[in-house]
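So the structure is just underneath, and the comments pick up after that.
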Amino acid sequence: MQEARVIPLQRTERNRRFTPPSTPDGPAVEPTPLRPEPAAPPVSPLRRGVADALAFARRRLAGDYQVDEFGFDRDLTEALLLPPLRVLYDRWFRVEVSGIENLPVDSGALIVSNHSGTLPIDALMTAVAVHDNHPGRRYLRMLGADLVFQVPVLGALARKSGQTLACNPDAEHLLRSGELVGVWPEGFKGIGKPFSDRYKLQRFGRGGFVSAALRTGVPIVPCSIVGAEEIYPKIGDLKAIARLFGLPYFPITPFFPLLGPLGAVPLPSKWHIRFGEPITTDTYDADAQDDPMLVFNLTDQVRETIQQTLYRMLTQRGNPFLG
Amino acid sequence: MTPKVVLVTGVGGYLGGHLAARLAANPDIDRVLGVDTVPPYRDVVRTMGRAEFVRADIRNPLIAKVITSANVDTVVHASLTALPPGPTRRTALKEMNVIGTMQLLAACQRAPSVRKLVVKSNTAVYGAGPRSPAVFTEDDTPKDISSGGPAKDAVEVEQYVRGFARRRPDVEVTLVRLTNLIGPRVDTVLTRYFALPVVPTVLGYDARIQLLHSEDALAVLEQAALREGGGVFNVGGDGVLMLSQAIRRAGRVQLPMPAAAVPTAGRLLRGARLVDFNPDHVRYLNYGRVVDTTRLRTVFGFTPRWTTRQAFDDYVHGSALRPVLDPSLLAALESRVLRTRV
């Protein structure tokens, strides 16, 4: 009996020793100094850059960074993934963005966009457009095809840059936690369509994105991208090779595979990205997502909005490469 | 209703043994019976107090006699091994997992005194793969799971538990699915894995891992035995670590291997009796697995005290792993760059 009384005491003591501090990851509360110290002398930009790079390397080496449950690594995205994309965005495609005010300031929304260009560069450029133009510097959480997550390096990078599998549980989880979610419902049908079909929207899947928005009550923001169709004009498809590698298509463009790796450089078309008026979904009943006709109608409404905006933008556009 | 007589299986293991000790320290419980084929660890025996150890095999019908003669009202089945820490004989493990559970449930079904059943399962039942959702909820069904691995045992055991719940609707059945355990004193596949000086990973993959501190796992099982009502609950710490990040936090060196070399490396590690590297575990190390614990917080009423990151850091400090590369060198260099020019 005596033993039985002593032991639990020991255990609670042991527990106490291992109790973690209550807010170990939260920001430390600094006391406000009565007489503020003189501001630190300015550091030259070069030194600042070197120090930032060293700080980044130290954080990475010590594993001292946060990753969310989808694997989104903000630190890595800011420091390593966005800068090269930004060069492409600013210098190569000279993207012009309008309608950024249609994105919510800090709540969830589903951005639905047309898909084109053989490789999903339009998705990456939309992510840069949202992050660099939104006043809150928000991140676009993209929903990708399962093919992306099956490919070794690509799958890991996609997760780290905040993408996740295009399935309803993931989409709803992100929307509920107030994220901006991007979806390209045309999928491979849109991105791999021949150049002659450019700017003609394909079927919008089964409307899964609409039911995700209905279930979470977030607005749908239609997004129209002009310019991405011209980066790799797909004039043919080597079906046999595609089947060999398990790909949905193997494109032939005027320069690829003719010029080899050089042909894989995207053509420098001038891009316009327009975020349209949000379509609200919180005015419907709680079980609206179980009404297939409503889901179909909403899907068509989103699709028509994007298609009409595309036609309007195309009539205003001059030369595809000069804008 | 506080249980009067509790039977805990698997007291030879870490969770079962410590759980029996915790329940024995509760004065409201009259009797605690621990069952296993091997006796508990010596340090566990010292803390077990008045808990009784019955050396019995749950694969043997004798277990029914133990349950009826002691008038057991609460059974905690903690012996299921879905993630063996080291290399094990597959057939023996499967028999222990599946046949043992079948016998135990058969005995429980016959015993009118049994009012509550708690089964420790594992989130390995969800599998891991590129087509799985990023965050699993309790309603998700297994996908991307190998047909003969220990994770499959857990899936089968859960099926038998559901069958039992149908046949004995008066028994409250609680199924807790634990994420991978970690902690300074527990021996799991991950504690062994991160203790390797050079940690092999698969090239081009980086998994999201969610961990549960062993103390939290004990607390959840204890609370499951004491609380009213049943249900299925995911149990895991808050937050996520990437596999590469965890390896760096532990100060280990990562060795990415091409996927073709993984089976050979797995065989080597198994042969050296270091770590178990079964196909399900490799898939876990490639794609990772995160579960939603909302139901645990809201319905069950338990919040893990350790987040994934804190649990992992506790493991690193508690096991005295020393970093192979020291990040403070870079910190010193960084402050020098910023300070010298005025």
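So you can find residues: chains in the structure tokens are A, B, ... in the order shown, residues in each start at 1, and ligands are numbered from 1 in order.
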Surrounding residues of segment 66-76 of chain B excluding itself and chain neighbours under 2 positions, 7 Å, only C-alpha atoms, as an mmCIF file with N, CA, C and O atoms, in the first residue's frame:
data_model
loop_
_atom_site.group_PDB
_atom_site.id
_atom_site.type_symbol
_atom_site.label_atom_id
_atom_site.label_comp_id
_atom_site.auth_asym_id
_atom_site.auth_seq_id
_atom_site.Cartn_x
_atom_site.Cartn_y
_atom_site.Cartn_z
ATOM 1 N N PRO B 3 -15.382 2.833 -13.575
ATOM 2 C CA PRO B 3 -15.244 1.383 -13.645
ATOM 3 C C PRO B 3 -14.795 0.808 -12.306
ATOM 4 O O PRO B 3 -14.097 1.476 -11.534
ATOM 5 N N LYS B 4 -15.239 -0.411 -12.035
ATOM 6 C CA LYS B 4 -14.849 -1.076 -10.777
ATOM 7 C C LYS B 4 -13.667 -2.006 -11.013
ATOM 8 O O LYS B 4 -12.696 -1.981 -10.265
ATOM 9 N N VAL B 5 -13.814 -2.847 -12.034
ATOM 10 C CA VAL B 5 -12.740 -3.803 -12.333
ATOM 11 C C VAL B 5 -12.292 -3.578 -13.778
ATOM 12 O O VAL B 5 -13.096 -3.666 -14.702
ATOM 13 N N VAL B 6 -11.017 -3.250 -13.956
ATOM 14 C CA VAL B 6 -10.503 -2.942 -15.289
ATOM 15 C C VAL B 6 -9.499 -4.007 -15.692
ATOM 16 O O VAL B 6 -8.656 -4.409 -14.887
ATOM 17 N N LEU B 7 -9.619 -4.449 -16.939
ATOM 18 C CA LEU B 7 -8.643 -5.370 -17.488
ATOM 19 C C LEU B 7 -7.882 -4.659 -18.599
ATOM 20 O O LEU B 7 -8.486 -4.073 -19.485
ATOM 21 N N VAL B 8 -6.555 -4.656 -18.510
ATOM 22 C CA VAL B 8 -5.722 -4.010 -19.512
ATOM 23 C C VAL B 8 -4.901 -5.078 -20.209
ATOM 24 O O VAL B 8 -4.207 -5.855 -19.542
ATOM 25 N N THR B 9 -4.973 -5.132 -21.545
ATOM 26 C CA THR B 9 -4.130 -6.082 -22.263
ATOM 27 C C THR B 9 -2.831 -5.387 -22.660
ATOM 28 O O THR B 9 -2.758 -4.158 -22.715
ATOM 29 N N LEU B 62 -8.711 -19.072 -22.379
ATOM 30 C CA LEU B 62 -8.570 -18.852 -20.945
ATOM 31 C C LEU B 62 -8.929 -17.422 -20.551
ATOM 32 O O LEU B 62 -9.410 -17.165 -19.441
ATOM 33 N N ILE B 63 -8.738 -16.493 -21.477
ATOM 34 C CA ILE B 63 -8.971 -15.079 -21.182
ATOM 35 C C ILE B 63 -10.432 -14.873 -20.778
ATOM 36 O O ILE B 63 -10.748 -14.003 -19.957
ATOM 37 N N ALA B 64 -11.347 -15.705 -21.350
ATOM 38 C CA ALA B 64 -12.774 -15.573 -21.004
ATOM 39 C C ALA B 64 -12.985 -15.863 -19.528
ATOM 40 O O ALA B 64 -13.776 -15.191 -18.855
ATOM 41 N N ALA B 78 -4.935 -2.682 -25.232
ATOM 42 C CA ALA B 78 -3.817 -1.800 -25.602
ATOM 43 C C ALA B 78 -2.681 -2.580 -26.224
ATOM 44 O O ALA B 78 -1.575 -2.066 -26.334
ATOM 45 N N ALA B 111 -19.300 -12.202 -21.746
ATOM 46 C CA ALA B 111 -19.290 -11.770 -20.353
ATOM 47 C C ALA B 111 -20.311 -10.658 -20.153
ATOM 48 O O ALA B 111 -20.151 -9.559 -20.681
ATOM 49 N N SER B 113 -20.837 -8.926 -17.612
ATOM 50 C CA SER B 113 -20.378 -7.847 -16.736
ATOM 51 C C SER B 113 -19.710 -6.715 -17.514
ATOM 52 O O SER B 113 -19.621 -5.591 -17.021
ATOM 53 N N VAL B 114 -19.239 -7.004 -18.731
ATOM 54 C CA VAL B 114 -18.477 -5.987 -19.483
ATOM 55 C C VAL B 114 -19.413 -4.867 -19.928
ATOM 56 O O VAL B 114 -20.454 -5.113 -20.540
ATOM 57 N N ARG B 115 -19.059 -3.644 -19.558
ATOM 58 C CA ARG B 115 -19.879 -2.479 -19.892
ATOM 59 C C ARG B 115 -19.155 -1.519 -20.833
ATOM 60 O O ARG B 115 -19.762 -0.636 -21.415
ATOM 61 N N LYS B 116 -17.837 -1.675 -20.895
ATOM 62 C CA LYS B 116 -17.059 -0.681 -21.635
ATOM 63 C C LYS B 116 -15.854 -1.353 -22.271
ATOM 64 O O LYS B 116 -15.222 -2.222 -21.649
ATOM 65 N N LEU B 117 -15.581 -0.974 -23.520
ATOM 66 C CA LEU B 117 -14.411 -1.506 -24.220
ATOM 67 C C LEU B 117 -13.659 -0.342 -24.841
ATOM 68 O O LEU B 117 -14.241 0.501 -25.531
ATOM 69 N N VAL B 118 -12.368 -0.263 -24.550
ATOM 70 C CA VAL B 118 -11.516 0.761 -25.161
ATOM 71 C C VAL B 118 -10.472 0.032 -25.991
ATOM 72 O O VAL B 118 -9.797 -0.864 -25.487
ATOM 73 N N VAL B 119 -10.365 0.392 -27.269
ATOM 74 C CA VAL B 119 -9.385 -0.262 -28.135
ATOM 75 C C VAL B 119 -8.409 0.794 -28.637
ATOM 76 O O VAL B 119 -8.816 1.825 -29.169
ATOM 77 N N ALA B 225 -10.901 5.180 -20.573
ATOM 78 C CA ALA B 225 -11.399 4.122 -19.692
ATOM 79 C C ALA B 225 -12.350 4.684 -18.648
ATOM 80 O O ALA B 225 -13.235 3.987 -18.178
#
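Here atom CA of Leu175 of chain B is placed at a distance of 15.2 Å from atom CA of Asn97 of chain B.
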Problem - Shortest interatomic distance to Pro133 of chain B - which of B:Gly318, B:Pro87, B:Gly288, B:Pro40, counting only C-alpha atoms - result: B:Gly288
Exercise for the section: Find the spatial neighbours of Val95 of chain A, counting only C-alpha atoms, within a cut-off of 12 Å - ignore same-chain residues fewer than 6 positions away - and output them as a list in words. Expected result: Leu85, Arg86, Val87, Leu88, Tyr89, Asp122, Leu124, Met125, Thr126, Ala127, Val128, Ala129, Val130, Asp132, Asn133, Ile225, Val226, Gly227, Ala228, Pro268, Ser269, Lys270, Trp271, His272, Ile273, Arg274, Phe321, Leu322 and Gly323 of chain A
Practice task
Please return as a PyMOL selection string: the residues of segment 25-130 of chain B that backbone DSSP assigns to helix (DSSP H, G or I).
Solution key: chain B and resi 42-48+62-69+90-110+123-126
Create the file for the chosen residues now, containing C-alpha atoms and written as a compact mmCIF listing (two decimals), in the first residue's frame.
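Contents of out22.txt, as written:
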# COMPACT_ATOMS: atom_id res chain seq x y z
CA ARG B 42 10.88 -3.76 -14.16
CA ASP B 43 10.53 0.02 -13.75
CA VAL B 44 6.85 -0.29 -14.67
CA VAL B 45 6.32 -3.04 -12.09
CA ARG B 46 7.56 -0.70 -9.37
CA THR B 47 4.91 1.91 -10.26
CA MET B 48 2.11 -0.59 -10.78
CA LEU B 62 -8.57 -18.85 -20.95
CA ILE B 63 -8.97 -15.08 -21.18
CA ALA B 64 -12.77 -15.57 -21.00
CA LYS B 65 -12.36 -17.20 -17.59
CA VAL B 66 -10.26 -14.30 -16.35
CA ILE B 67 -12.93 -11.81 -17.45
CA THR B 68 -15.93 -13.65 -16.00
CA SER B 69 -14.34 -14.75 -12.74
CA ARG B 90 5.23 -11.07 -39.38
CA THR B 91 3.15 -14.19 -38.76
CA ALA B 92 3.55 -14.04 -34.98
CA LEU B 93 2.66 -10.36 -34.91
CA LYS B 94 -0.36 -10.83 -37.11
CA GLU B 95 -1.60 -13.68 -34.97
CA MET B 96 -1.17 -11.64 -31.81
CA ASN B 97 -2.95 -8.65 -33.35
CA VAL B 98 -5.83 -10.27 -35.18
CA ILE B 99 -6.45 -13.63 -33.49
CA GLY B 100 -5.78 -12.09 -30.09
CA THR B 101 -8.38 -9.39 -30.67
CA MET B 102 -10.89 -11.92 -31.98
CA GLN B 103 -10.50 -14.08 -28.87
CA LEU B 104 -10.66 -11.10 -26.56
CA LEU B 105 -13.82 -9.77 -28.22
CA ALA B 106 -15.39 -13.22 -28.17
CA ALA B 107 -14.71 -13.42 -24.44
CA CYS B 108 -16.12 -9.93 -23.90
CA GLN B 109 -19.26 -10.78 -25.85
CA ARG B 110 -19.96 -13.73 -23.55
CA THR B 123 -3.87 6.28 -37.60
CA ALA B 124 -1.94 3.89 -39.85
CA VAL B 125 -5.41 2.60 -40.77
CA TYR B 126 -5.80 5.64 -43.04
Problem - Shell around segment 23-39 of chain B at 8 Å using only C-alpha atoms, local window under 3 positions removed, as a ChimeraX atom specification - result: /A:4-5,8 /B:2-12,16-17,19-20,48-58,222
Exercise for the section: Name the residues in contact with Pro120 of chain A at a cut-off of 10 Å, using only C-alpha atoms, excluding same-chain residues fewer than 3 positions from it; report them as a list in words. Expected result: His115, Ser116, Gly117, Ala123, Leu124, Met125, Gly144, Trp184, Gly187, Phe188, Ile191, Gly192 and Ala228 of chain A
Exercise for the section: Write out as a ChimeraX atom specification all residues of segment 71-293 of chain B that backbone DSSP assigns to strand (DSSP E). Expected result: /B:74-77,116-122,135-136,172-178,180-182,198-202,208-209,211-213,231-235,241-242,253-257,288-291
Grab the residues selected above and save them as a PDB file, in the first residue's frame with C-alpha atoms.
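Listed below is the output, selection_34.pdb:
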ATOM      1  CA  THR B  74     -14.063  -2.319 -18.457  1.00  0.00           C
ATOM      2  CA  VAL B  75     -11.626  -3.814 -20.949  1.00  0.00           C
ATOM      3  CA  VAL B  76      -8.787  -1.722 -22.362  1.00  0.00           C
ATOM      4  CA  HIS B  77      -7.219  -3.457 -25.333  1.00  0.00           C
ATOM      5  CA  LYS B 116     -17.059  -0.681 -21.635  1.00  0.00           C
ATOM      6  CA  LEU B 117     -14.411  -1.506 -24.220  1.00  0.00           C
ATOM      7  CA  VAL B 118     -11.516   0.761 -25.161  1.00  0.00           C
ATOM      8  CA  VAL B 119      -9.385  -0.262 -28.135  1.00  0.00           C
ATOM      9  CA  LYS B 120      -6.091   1.391 -28.942  1.00  0.00           C
ATOM     10  CA  SER B 121      -5.747   1.621 -32.700  1.00  0.00           C
ATOM     11  CA  ASN B 122      -3.464   3.618 -34.933  1.00  0.00           C
ATOM     12  CA  VAL B 135      -6.012  15.853 -43.285  1.00  0.00           C
ATOM     13  CA  PHE B 136      -7.897  12.684 -42.351  1.00  0.00           C
ATOM     14  CA  GLU B 172     -19.753   1.474 -24.849  1.00  0.00           C
ATOM     15  CA  VAL B 173     -16.990   1.032 -27.422  1.00  0.00           C
ATOM     16  CA  THR B 174     -14.246   3.641 -27.714  1.00  0.00           C
ATOM     17  CA  LEU B 175     -11.736   3.401 -30.522  1.00  0.00           C
ATOM     18  CA  VAL B 176      -8.761   5.728 -30.213  1.00  0.00           C
ATOM     19  CA  ARG B 177      -6.513   6.098 -33.236  1.00  0.00           C
ATOM     20  CA  LEU B 178      -3.132   7.329 -32.069  1.00  0.00           C
ATOM     21  CA  ASN B 180       2.979   7.983 -34.108  1.00  0.00           C
ATOM     22  CA  LEU B 181       4.216   8.123 -30.534  1.00  0.00           C
ATOM     23  CA  ILE B 182       7.336   9.932 -29.518  1.00  0.00           C
ATOM     24  CA  VAL B 198      22.505   9.134 -40.782  1.00  0.00           C
ATOM     25  CA  VAL B 199      18.784   9.051 -41.448  1.00  0.00           C
ATOM     26  CA  PRO B 200      17.774   7.492 -44.774  1.00  0.00           C
ATOM     27  CA  THR B 201      14.898   9.135 -46.630  1.00  0.00           C
ATOM     28  CA  VAL B 202      13.511   8.718 -50.115  1.00  0.00           C
ATOM     29  CA  ARG B 208       4.283  15.815 -43.064  1.00  0.00           C
ATOM     30  CA  ILE B 209       4.445  14.047 -39.728  1.00  0.00           C
ATOM     31  CA  LEU B 211       3.349  13.150 -33.430  1.00  0.00           C
ATOM     32  CA  LEU B 212       1.840  12.360 -30.069  1.00  0.00           C
ATOM     33  CA  HIS B 213       3.785  12.506 -26.827  1.00  0.00           C
ATOM     34  CA  GLY B 231     -16.933   6.723 -30.280  1.00  0.00           C
ATOM     35  CA  VAL B 232     -14.013   6.880 -32.673  1.00  0.00           C
ATOM     36  CA  PHE B 233     -11.362   9.512 -32.024  1.00  0.00           C
ATOM     37  CA  ASN B 234      -8.167  10.599 -33.746  1.00  0.00           C
ATOM     38  CA  VAL B 235      -5.469  11.500 -31.244  1.00  0.00           C
ATOM     39  CA  LEU B 241       6.772  18.878 -38.729  1.00  0.00           C
ATOM     40  CA  MET B 242       8.222  18.044 -42.106  1.00  0.00           C
ATOM     41  CA  VAL B 253      22.202  14.055 -41.253  1.00  0.00           C
ATOM     42  CA  GLN B 254      19.653  13.244 -43.911  1.00  0.00           C
ATOM     43  CA  LEU B 255      20.588  10.707 -46.559  1.00  0.00           C
ATOM     44  CA  PRO B 256      18.178  10.887 -49.497  1.00  0.00           C
ATOM     45  CA  MET B 257      18.188   7.645 -51.440  1.00  0.00           C
ATOM     46  CA  GLY B 288       3.097  11.660 -44.372  1.00  0.00           C
ATOM     47  CA  ARG B 289      -0.171  11.625 -42.543  1.00  0.00           C
ATOM     48  CA  VAL B 290      -2.066  14.293 -40.610  1.00  0.00           C
ATOM     49  CA  VAL B 291      -5.336  13.726 -38.799  1.00  0.00           C
TER      50      VAL B 291
END
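Candidate residues A:Asp170, A:Asp285, A:Asp73, A:Asp90 were compared for distance to chain B, and the nearest is A:Asp170, using only C-alpha atoms.
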